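Participant: Data: input_8.txt, compact mmCIF, C-alpha atoms.
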# COMPACT_ATOMS: atom_id res chain seq x y z
CA MET Q 1 -200.35 -46.68 -36.88
CA LYS Q 2 -198.27 -43.57 -36.22
CA ARG Q 3 -195.79 -44.01 -39.07
CA LYS Q 4 -195.06 -46.27 -42.01
CA SER Q 5 -191.97 -48.02 -40.64
CA GLY Q 6 -190.07 -48.71 -37.44
CA ARG Q 7 -191.25 -49.77 -34.02
CA GLN Q 8 -194.73 -48.52 -33.15
CA SER Q 9 -196.18 -48.72 -29.66
CA VAL Q 10 -199.15 -47.66 -27.59
CA TRP Q 11 -199.31 -47.07 -23.83
CA LEU Q 12 -202.37 -48.44 -22.03
CA THR Q 13 -203.40 -47.66 -18.46
CA SER Q 14 -205.16 -50.03 -16.09
CA GLU Q 15 -208.71 -49.07 -17.09
CA LEU Q 16 -208.09 -50.34 -20.63
CA PHE Q 17 -206.81 -53.86 -19.86
CA GLU Q 18 -207.34 -56.74 -17.44
CA PHE Q 19 -205.15 -59.72 -16.55
CA ARG Q 20 -207.03 -62.98 -16.00
CA PRO Q 21 -204.88 -65.87 -14.71
CA ILE Q 22 -205.09 -69.36 -16.20
CA VAL Q 23 -205.08 -71.99 -13.43
CA ASP Q 24 -203.99 -75.56 -14.25
CA ASP Q 25 -204.97 -78.80 -12.49
CA THR Q 26 -202.83 -78.03 -9.43
CA PRO Q 27 -204.90 -75.96 -6.99
CA GLY Q 28 -203.82 -72.34 -7.09
CA ALA Q 29 -201.04 -72.87 -9.70
CA VAL Q 30 -200.99 -70.15 -12.36
CA CYS Q 31 -199.70 -71.44 -15.71
CA GLY Q 32 -200.41 -68.34 -17.80
CA TYR Q 33 -202.54 -65.27 -18.29
CA HIS Q 34 -205.12 -63.92 -20.68
CA LEU Q 35 -204.73 -60.21 -21.33
CA HIS Q 36 -208.08 -58.62 -22.17
CA VAL Q 37 -207.55 -55.31 -23.99
CA GLY Q 38 -210.35 -52.77 -24.17
CA THR Q 39 -213.45 -52.14 -22.11
CA ASP Q 40 -216.72 -54.02 -21.73
CA LYS Q 41 -218.39 -51.62 -24.16
CA PHE Q 42 -215.47 -51.47 -26.63
CA PRO Q 43 -213.51 -54.77 -26.44
CA VAL Q 44 -210.38 -54.93 -28.60
CA GLY Q 45 -209.20 -58.51 -28.16
CA ILE Q 46 -207.59 -61.16 -25.98
CA ILE Q 47 -203.82 -61.83 -25.90
CA PRO Q 48 -202.68 -65.10 -24.28
CA TYR Q 49 -199.12 -65.30 -23.00
CA VAL Q 50 -197.02 -67.46 -20.68
CA ALA Q 51 -195.58 -65.90 -17.52
CA HIS Q 52 -192.37 -67.36 -16.05
CA ARG Q 53 -193.68 -66.66 -12.55
CA PRO Q 54 -196.75 -65.09 -10.93
CA HIS Q 55 -196.65 -61.30 -10.89
CA ALA Q 56 -198.65 -58.39 -9.59
CA VAL Q 57 -201.03 -56.54 -11.88
CA PRO Q 58 -199.12 -53.65 -13.48
CA ALA Q 59 -200.50 -50.12 -13.53
CA SER Q 60 -199.78 -49.73 -17.26
CA ILE Q 61 -198.50 -51.75 -20.20
CA TYR Q 62 -196.93 -51.15 -23.60
CA LEU Q 63 -198.07 -52.91 -26.77
CA ALA Q 64 -195.68 -52.60 -29.70
CA ILE Q 65 -195.37 -53.96 -33.23
CA GLU Q 66 -192.17 -54.16 -35.26
CA GLY Q 67 -191.46 -56.21 -38.35
CA GLY Q 68 -194.81 -57.97 -38.10
CA GLN Q 69 -194.13 -59.13 -34.52
CA TRP Q 70 -196.08 -57.99 -31.47
CA TRP Q 71 -194.50 -57.19 -28.09
CA LEU Q 72 -195.98 -56.83 -24.63
CA SER Q 73 -193.90 -55.13 -21.94
CA PHE Q 74 -194.64 -53.91 -18.44
CA ALA Q 75 -193.05 -53.51 -15.02
CA ALA Q 76 -194.57 -55.06 -11.90
CA GLU Q 77 -193.40 -55.23 -8.33
CA ASP Q 78 -192.01 -58.62 -7.22
CA LEU Q 79 -192.56 -59.01 -3.49
CA THR Q 80 -190.21 -62.02 -3.29
CA VAL Q 81 -187.16 -59.98 -4.33
CA THR Q 82 -185.46 -57.43 -2.10
CA ILE Q 83 -184.61 -54.26 -3.97
CA PRO Q 84 -181.09 -53.18 -2.95
CA GLY Q 85 -181.74 -49.44 -3.16
CA LYS Q 86 -179.03 -47.66 -1.20
CA GLU Q 87 -177.25 -50.98 -0.55
CA GLY Q 88 -176.41 -51.17 -4.27
CA ASP Q 89 -174.84 -47.69 -4.14
CA ALA Q 90 -172.87 -48.67 -1.05
CA ALA Q 91 -171.54 -51.78 -2.81
CA THR Q 92 -170.40 -49.65 -5.75
CA GLU Q 93 -168.61 -47.23 -3.45
CA ARG Q 94 -166.97 -50.13 -1.62
CA ILE Q 95 -165.61 -51.60 -4.87
CA ALA Q 96 -164.32 -48.18 -5.96
CA GLU Q 97 -162.62 -47.69 -2.58
CA ASP Q 98 -160.95 -51.09 -2.84
CA LEU Q 99 -159.62 -50.24 -6.29
CA ARG Q 100 -158.14 -46.94 -5.05
CA HIS Q 101 -155.85 -48.80 -2.64
CA LEU Q 102 -154.40 -51.09 -5.33
CA SER Q 103 -151.02 -50.48 -6.89
CA ALA Q 104 -150.63 -49.93 -10.62
CA ASP Q 105 -149.62 -53.56 -11.23
CA GLN Q 106 -152.44 -54.93 -9.09
CA LEU Q 107 -154.95 -52.67 -10.82
CA ALA Q 108 -153.70 -53.85 -14.22
CA GLU Q 109 -154.29 -57.47 -13.17
CA ARG Q 110 -157.87 -56.66 -12.18
CA THR Q 111 -158.57 -54.72 -15.39
CA LEU Q 112 -159.89 -56.19 -18.63
CA GLY Q 113 -159.56 -54.22 -21.85
CA GLY Q 114 -161.94 -54.62 -24.76
CA GLY Q 115 -161.58 -53.61 -28.39
CA ARG Q 116 -164.64 -53.24 -30.58
CA GLY Q 117 -164.39 -54.13 -34.22
CA ILE Q 118 -166.34 -54.65 -37.41
CA ALA Q 119 -165.48 -58.19 -38.46
CA LYS Q 120 -165.26 -59.28 -34.79
CA PRO Q 121 -167.65 -57.39 -32.48
CA LEU Q 122 -165.46 -57.62 -29.38
CA MET Q 123 -161.97 -58.88 -28.49
CA THR Q 124 -160.65 -58.65 -24.93
CA SER Q 125 -157.11 -58.16 -23.72
CA ASP Q 126 -156.90 -61.76 -22.45
CA GLY Q 127 -157.29 -63.02 -26.03
CA HIS Q 128 -160.95 -63.99 -25.89
CA VAL Q 129 -163.07 -63.19 -28.95
CA PHE Q 130 -166.81 -62.61 -28.57
CA ASP Q 131 -168.57 -63.23 -31.85
CA LEU Q 132 -171.86 -64.47 -33.24
CA LEU Q 133 -172.34 -68.18 -33.78
CA PRO Q 134 -171.61 -69.51 -37.30
CA VAL Q 135 -175.25 -70.54 -37.75
CA GLN Q 136 -176.35 -67.03 -36.77
CA GLN Q 137 -173.96 -65.44 -39.25
CA THR Q 138 -175.24 -67.74 -42.01
CA ARG Q 139 -178.86 -66.91 -41.23
CA ILE Q 140 -178.09 -63.18 -41.11
CA GLN Q 141 -176.51 -63.32 -44.58
CA LYS Q 142 -179.53 -65.23 -45.87
CA ALA Q 143 -181.91 -62.69 -44.32
CA ARG Q 144 -179.97 -59.85 -45.93
CA ARG Q 145 -180.25 -61.48 -49.37
CA GLN Q 146 -183.99 -61.98 -48.89
CA HIS Q 147 -184.32 -58.36 -47.74
CA ARG Q 148 -182.68 -57.05 -50.92
CA ARG Q 149 -184.73 -59.43 -53.07
CA TRP Q 150 -188.05 -58.26 -51.62
CA GLN Q 151 -186.98 -54.63 -51.94
CA ARG Q 152 -186.59 -55.17 -55.67
CA ARG Q 153 -189.91 -57.00 -55.85
CA ALA Q 154 -191.71 -54.23 -53.97
CA ALA Q 155 -190.24 -51.55 -56.25
CA ARG Q 156 -191.54 -53.38 -59.36
CA ARG Q 157 -195.10 -53.75 -58.08
CA LYS Q 158 -197.87 -51.23 -58.63
CA LYS Q 159 -197.54 -48.28 -56.32
CA GLY Q 160 -200.10 -48.32 -53.50
CA SER Q 161 -201.43 -51.78 -54.35
CA GLN Q 162 -202.05 -54.54 -51.83
CA ASN Q 163 -199.30 -56.63 -53.42
CA GLN Q 164 -196.81 -53.83 -52.88
CA LYS Q 165 -197.89 -53.45 -49.24
CA LYS Q 166 -197.48 -57.20 -48.77
CA ALA Q 167 -193.98 -57.00 -50.25
CA TYR Q 168 -193.01 -54.12 -47.96
CA ARG Q 169 -194.18 -56.16 -44.96
CA LYS Q 170 -191.73 -58.83 -46.10
CA VAL Q 171 -189.03 -56.15 -46.42
CA ALA Q 172 -189.62 -55.12 -42.80
CA HIS Q 173 -189.66 -58.72 -41.57
CA TYR Q 174 -186.16 -59.88 -42.58
CA PRO Q 175 -183.98 -57.28 -40.76
CA GLN Q 176 -185.78 -58.15 -37.50
CA TYR Q 177 -183.87 -61.42 -37.11
CA GLU Q 178 -180.46 -59.71 -37.22
CA LYS Q 179 -181.64 -57.04 -34.79
CA ASN Q 180 -182.87 -59.67 -32.31
CA VAL Q 181 -179.67 -61.70 -32.60
CA ARG Q 182 -177.41 -58.71 -31.99
CA HIS Q 183 -179.57 -57.52 -29.10
CA GLU Q 184 -179.32 -60.96 -27.46
CA TYR Q 185 -175.58 -61.09 -28.17
CA ALA Q 186 -175.05 -57.75 -26.41
CA HIS Q 187 -176.86 -58.94 -23.27
CA GLN Q 188 -175.13 -62.33 -23.17
CA THR Q 189 -171.69 -60.79 -23.73
CA SER Q 190 -172.14 -58.13 -21.05
CA HIS Q 191 -173.34 -60.77 -18.59
CA ALA Q 192 -170.36 -63.02 -19.36
CA LEU Q 193 -168.01 -60.11 -18.66
CA VAL Q 194 -169.47 -58.89 -15.37
CA VAL Q 195 -169.75 -62.37 -13.79
CA HIS Q 196 -166.02 -63.02 -14.38
CA ALA Q 197 -164.48 -63.16 -10.92
CA ALA Q 198 -160.96 -62.24 -12.08
CA TYR Q 199 -161.78 -58.65 -13.14
CA ASP Q 200 -163.29 -55.65 -11.40
CA LEU Q 201 -162.57 -52.88 -13.93
CA TYR Q 202 -163.46 -52.89 -17.64
CA VAL Q 203 -162.04 -50.49 -20.22
CA PHE Q 204 -163.31 -50.27 -23.79
CA GLU Q 205 -161.81 -48.53 -26.77
CA ASN Q 206 -163.98 -45.68 -28.01
CA LEU Q 207 -164.11 -46.41 -31.74
CA PRO Q 208 -166.41 -44.57 -34.19
CA ILE Q 209 -168.01 -47.74 -35.55
CA GLN Q 210 -170.63 -45.89 -37.60
CA GLN Q 211 -168.00 -43.81 -39.37
CA MET Q 212 -165.83 -46.87 -39.94
CA THR Q 213 -168.70 -48.76 -41.60
CA LYS Q 214 -170.10 -45.79 -43.51
CA ARG Q 215 -170.22 -46.30 -47.25
CA PRO Q 216 -167.48 -44.21 -48.94
CA LYS Q 217 -168.46 -41.62 -51.50
CA ALA Q 218 -168.14 -42.46 -55.18
CA LYS Q 219 -165.04 -41.04 -56.88
CA LYS Q 220 -164.34 -40.41 -60.54
CA THR Q 221 -161.14 -40.23 -62.53
CA PRO Q 222 -160.38 -37.23 -64.79
CA LYS Q 223 -161.97 -39.25 -67.62
CA ALA Q 224 -165.28 -39.46 -65.65
CA ILE Q 225 -164.81 -43.16 -64.87
CA PHE Q 226 -165.79 -44.43 -61.44
CA CYS Q 227 -162.80 -45.80 -59.53
CA PRO Q 228 -162.83 -48.37 -56.68
CA THR Q 229 -163.48 -46.86 -53.27
CA GLY Q 230 -162.44 -49.85 -51.17
CA GLY Q 231 -165.90 -50.14 -49.61
CA PRO Q 232 -165.92 -53.93 -49.17
CA ARG Q 233 -162.45 -53.83 -47.64
CA LYS Q 234 -163.53 -51.02 -45.30
CA ARG Q 235 -166.47 -53.04 -43.96
CA ALA Q 236 -164.52 -56.28 -43.63
Let me see whether you can do it: turn the structure in this file into structure tokens.
Facilitator:
Amino acid sequence: MKRKSGRQSVWLTSELFEFRPIVDDTPGAVCGYHLHVGTDKFPVGIIPYVAHRPHAVPASIYLAIEGGQWWLSFAAEDLTVTIPGKEGDAATERIAEDLRHLSADQLAERTLGGGRGIAKPLMTSDGHVFDLLPVQQTRIQKARRQHRRWQRRAARRKKGSQNQKKAYRKVAHYPQYEKNVRHEYAHQTSHALVVHAAYDLYVFENLPIQQMTKRPKAKKTPKAIFCPTGGPRKRA
């Protein structure tokens, strides 16, 4: 472990791991893989995982742990897919050239504006609102309450004890759900925007979200009494 908190990862090259395919009843059909980590003299362990399709053996892999969850990531060449290369750059130039010949009104019709917000993550100029699902918002609020509860429990336990370490593992576990949900939301929203056939140009408002959601400093009256800062209203 390199640090006490946050995502921790290790990079392994090909001499430290081996992929062994799992073949089902169908001749030659690969239904999964066993990842053997380590060497014959110093074996570390075996990680089973399911592959969506057969892949080539990568030259290196990354193993990471965050919030008590383990992650395996690597890049491998897929011989069944044609990499566009320069064709992708040519397509981008062709779209840009087509947009240059449009009039101002035509360009406005092909442009979609997006406004980022705090209560609503994204609202587009055509009136569509991209937001988390109600069940996701409910679970995020529940995870936040559990996170604060385990922070208090960890602070009350004996410093350096196993019970305190167990509580801090719980503290690191609960924010992971919100992070995963928002990461998935960002990918799904960007995909929904780019596959829309009616728009070719996207413009987003550059808002300082971190400054807008930053907790305001505490203020006192001349009688040394703390006054409301409007923090909840600022983050709404």
Participant: Return the single residue from Q:Arg116, Q:His52, Q:His101, Q:His36 that is closest to Phe204 in chain Q, with distances computed using only C-alpha atoms.
Facilitator: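 Looking only at the distances to Phe204 in chain Q, the closest residue turns out to be Q:Arg116.
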Participant: Tell me, in Å to one decimal, how far CA of Gln162 in chain Q is from CA of Gly68 in chain Q.
Facilitator: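 Those two atoms sit 15.9 Å apart.
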Participant: Any idea what's packed within 12 Å of Arg145 in chain Q, counting all atoms listed in the file, ignoring anything in its chain fewer than 5 positions away? Could you give it as a PyMOL selection string?
Facilitator: chain Q and resi 138-140+150-152+171+174-175
Participant: For a test of reading the model, state the distance in Å between CA of Val135 in chain Q and CA of Thr189 in chain Q, rounded to one decimal.
Facilitator: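 Between CA of Val135 in chain Q and CA of Thr189 in chain Q the gap is 17.4 Å.
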Participant: Return the single residue from Q:Thr92, Q:Thr124, Q:Gln106, Q:Thr13 that is closest to Phe74 in chain Q, with distances computed using only C-alpha atoms.
Facilitator: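 Closest to Phe74 in chain Q of all the choices is Q:Thr13.
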Participant: Of the candidates Q:Pro43, Q:Pro54, Q:Gly67, Q:Gly114, which shows the shortest atom-to-atom distance to Ala172 in chain Q, using all atoms listed in the file?
Facilitator: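 Using all atoms listed in the file, the shortest distance to Ala172 in chain Q belongs to Q:Gly67.
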Participant: Just give me the gap between CA of Lys217 in chain Q and CA of Pro121 in chain Q in Å, one decimal is fine.
Facilitator: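 The value is 24.7 Å.
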Participant: Can you tell me which residues surround Glu18 in chain Q at a distance of at most 9 Å, considering only C-alpha atoms, apart from same-chain residues fewer than 6 positions away, and format the answer as a PyMOL selection string?
Facilitator: chain Q and resi 34-39+57
Participant: Next, the residues of the selection above should be written as a compact mmCIF listing (two decimals), keeping the file's coordinate frame with C-alpha atoms.
Facilitator:
# COMPACT_ATOMS: atom_id res chain seq x y z
CA HIS Q 34 -205.12 -63.92 -20.68
CA LEU Q 35 -204.73 -60.21 -21.33
CA HIS Q 36 -208.08 -58.62 -22.17
CA VAL Q 37 -207.55 -55.31 -23.99
CA GLY Q 38 -210.35 -52.77 -24.17
CA THR Q 39 -213.45 -52.14 -22.11
CA VAL Q 57 -201.03 -56.54 -11.88
Participant: Which residue out of Q:His196, Q:Arg182, Q:His191, Q:Arg100 has the minimum interatomic distance to Gln137 in chain Q when only C-alpha atoms are used?
Facilitator: Q:Arg182
Participant: Could you pull out every residue with an atom within 6 Å of (-193.9, -48.5, -32.4), file coordinates, counting all atoms listed in the file, and send them as a PDB file with C-alpha atoms, in the frame of the given file?
Facilitator:
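File result-v5.pdb, as written:
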ATOM      1  CA  ARG Q   7    -191.250 -49.770 -34.020  1.00  0.00           C
ATOM      2  CA  GLN Q   8    -194.730 -48.520 -33.150  1.00  0.00           C
ATOM      3  CA  SER Q   9    -196.180 -48.720 -29.660  1.00  0.00           C
ATOM      4  CA  ALA Q  64    -195.680 -52.600 -29.700  1.00  0.00           C
ATOM      5  CA  ILE Q  65    -195.370 -53.960 -33.230  1.00  0.00           C
TER       6      ILE Q  65
END
Participant: Ranking Q:Val129, Q:Ala104, Q:Ile95, Q:Leu12 by minimum distance to Leu72 in chain Q and counting all atoms listed in the file, which one comes first?
Facilitator: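 Comparing Q:Val129, Q:Ala104, Q:Ile95, Q:Leu12 against Leu72 in chain Q, the winner is Q:Leu12.
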Participant: Using all atoms listed in the file - which residues lie no farther than 12 Å from the point (-188.8, -55.6, -21.0) in the file's frame? Write them as a PyMOL selection string.
Facilitator: chain Q and resi 61-64+71-76
Participant: Which of these, Q:Gln136, Q:Ser125, Q:Ser190, Q:Thr213, has the shortest distance to Leu112 in chain Q once you count only C-alpha atoms?
Facilitator: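 Answer, going by the shortest atom-to-atom distance: Q:Ser125.
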